[in-house]
Amino acid sequence: MHEKIIILDFGSQTTQLIARRVRELNTYCEIVPYNKFPQNTSNVKGVILSGSPFSVYDDKAFKTDLSFIRANYPVLGICYGAQFISHISGGKVEPAGSREYGRAHLTHINNQDALLKHIEKDAQVWMSHGDTITKIPANFEIIASTPQVKIAAYRVNGEKTWGVQFHPEVFHTECGLQLLDNFLNICG
């Protein structure tokens, strides 16, 4: 039985691209609907939460209980996935005022964090979201920022849980493969 990464699909148009990038890093992964985490999980090594066209506040937004997943696996939330983790943990997600879309550069990076290992300051990332995390819970720590997005990436202290509001899977995020490789290394 293959060790694998599970990608929970919250409806992002780039979910397949996330899977492609993980596979380019020689890691088996499976995409499953956001609310269909597999029952047999002995070979699951980590979980990635995709983006979504929804806001975490939308009545029709896809939501699921992550308590079992966060307690048992390394987790990486991408865009909506990051916002969802923060929101359900007591953080604040608000409309960005104007949709943040396009290139940004990481002006603050905690290189001591395992997710951001070997990622340089000023690395180009790709933003694509209408909401942004404006406040994180007390046990969360900001590990990367851009000039416009203070909480571009975070980690949850005491867990192997991270969130990024940019898209590491897209070509325009120059450090994206490195970030995904770092996450896979965290997963073992």
# chains A, B, ... in the order shown; residues from 1 in each chain; ligands from 1
>>> select_by_dssp(residues="range 4-168 of chain A", states="strand (DSSP E)", output="count of residues only")
63
>>> select_by_dssp(residues="chain A", states="alpha helix (DSSP H)", output="VMD selection string")
chain A and resid 15 to 24 67 to 72 80 to 88 176 to 187
>>> atom_distance(atom1="CA of Val164 in chain A", atom2="CA of Val44 in chain A")
21.4 Å
>>> atom_distance(atom1="CA of Ile18 in chain A", atom2="CA of Lys4 in chain A")
13.8 Å
>>> residues_around(residues="Phe140 in chain A", least_positions_apart="3", cutoff="6 Å", atoms="only C-alpha atoms", output="list in words")
Pro137, Arg155, Val156 and Asn157 of chain A
>>> atom_distance(atom1="CA of Pro38 in chain A", atom2="CA of Thr64 in chain A")
13.4 Å
>>> residues_around(residues="range 102-118 of chain A", least_positions_apart="4", cutoff="12 Å", atoms="only C-alpha atoms", output="NGL selection string")
:A and (74-77 or 122-130 or 141-157 or 160-168 or 170-187)
>>> residues_around(residues="Leu8 in chain A", least_positions_apart="5", cutoff="8 Å", atoms="only C-alpha atoms", output="list in words")
Ile31, Val32, Pro33, Tyr34, Asn35, Phe37, Val47, Ile48, Leu49 and Ser50 of chain A
>>> write_last_selection(atoms="N, CA and C atoms", output="JSON list (two decimals), in the first residue's frame")
[["chain", "number", "residue", "atom", "x", "y", "z"],
["A", 31, "ILE", "N", -6.82, 13.02, -4.51],
["A", 31, "ILE", "CA", -7.75, 14.12, -4.30],
["A", 31, "ILE", "C", -9.08, 13.51, -3.87],
["A", 32, "VAL", "N", -9.63, 14.02, -2.76],
["A", 32, "VAL", "CA", -10.94, 13.57, -2.30],
["A", 32, "VAL", "C", -11.80, 14.80, -1.98],
["A", 33, "PRO", "N", -13.12, 14.68, -2.05],
["A", 33, "PRO", "CA", -13.96, 15.81, -1.67],
["A", 33, "PRO", "C", -13.68, 16.24, -0.23],
["A", 34, "TYR", "N", -13.87, 17.52, 0.03],
["A", 34, "TYR", "CA", -13.54, 18.12, 1.33],
["A", 34, "TYR", "C", -14.14, 17.36, 2.53],
["A", 35, "ASN", "N", -15.26, 16.68, 2.33],
["A", 35, "ASN", "CA", -15.96, 16.01, 3.43],
["A", 35, "ASN", "C", -15.89, 14.49, 3.34],
["A", 37, "PHE", "N", -12.92, 12.39, 3.88],
["A", 37, "PHE", "CA", -11.61, 11.88, 4.30],
["A", 37, "PHE", "C", -11.70, 10.36, 4.43],
["A", 47, "VAL", "N", -1.90, 15.96, 4.88],
["A", 47, "VAL", "CA", -3.13, 16.44, 4.26],
["A", 47, "VAL", "C", -2.94, 17.87, 3.78],
["A", 48, "ILE", "N", -3.38, 18.13, 2.55],
["A", 48, "ILE", "CA", -3.38, 19.49, 2.00],
["A", 48, "ILE", "C", -4.82, 19.91, 1.78],
["A", 49, "LEU", "N", -5.17, 21.10, 2.24],
["A", 49, "LEU", "CA", -6.51, 21.67, 2.02],
["A", 49, "LEU", "C", -6.40, 22.63, 0.85],
["A", 50, "SER", "N", -7.22, 22.43, -0.17],
["A", 50, "SER", "CA", -7.15, 23.28, -1.37],
["A", 50, "SER", "C", -7.81, 24.64, -1.12]]
>>> closest_residue(among="A:Ser89, A:Glu159, A:Ile6, A:Glu94", to="Asn40 in chain A", atoms="only C-alpha atoms")
A:Ile6
>>> residues_around(residues="Ser55 in chain A", least_positions_apart="4", cutoff="12 Å", atoms="only C-alpha atoms", output="PyMOL selection string")
chain A and resi 10-12+51+59-63+79-84+87+93-96+129-133
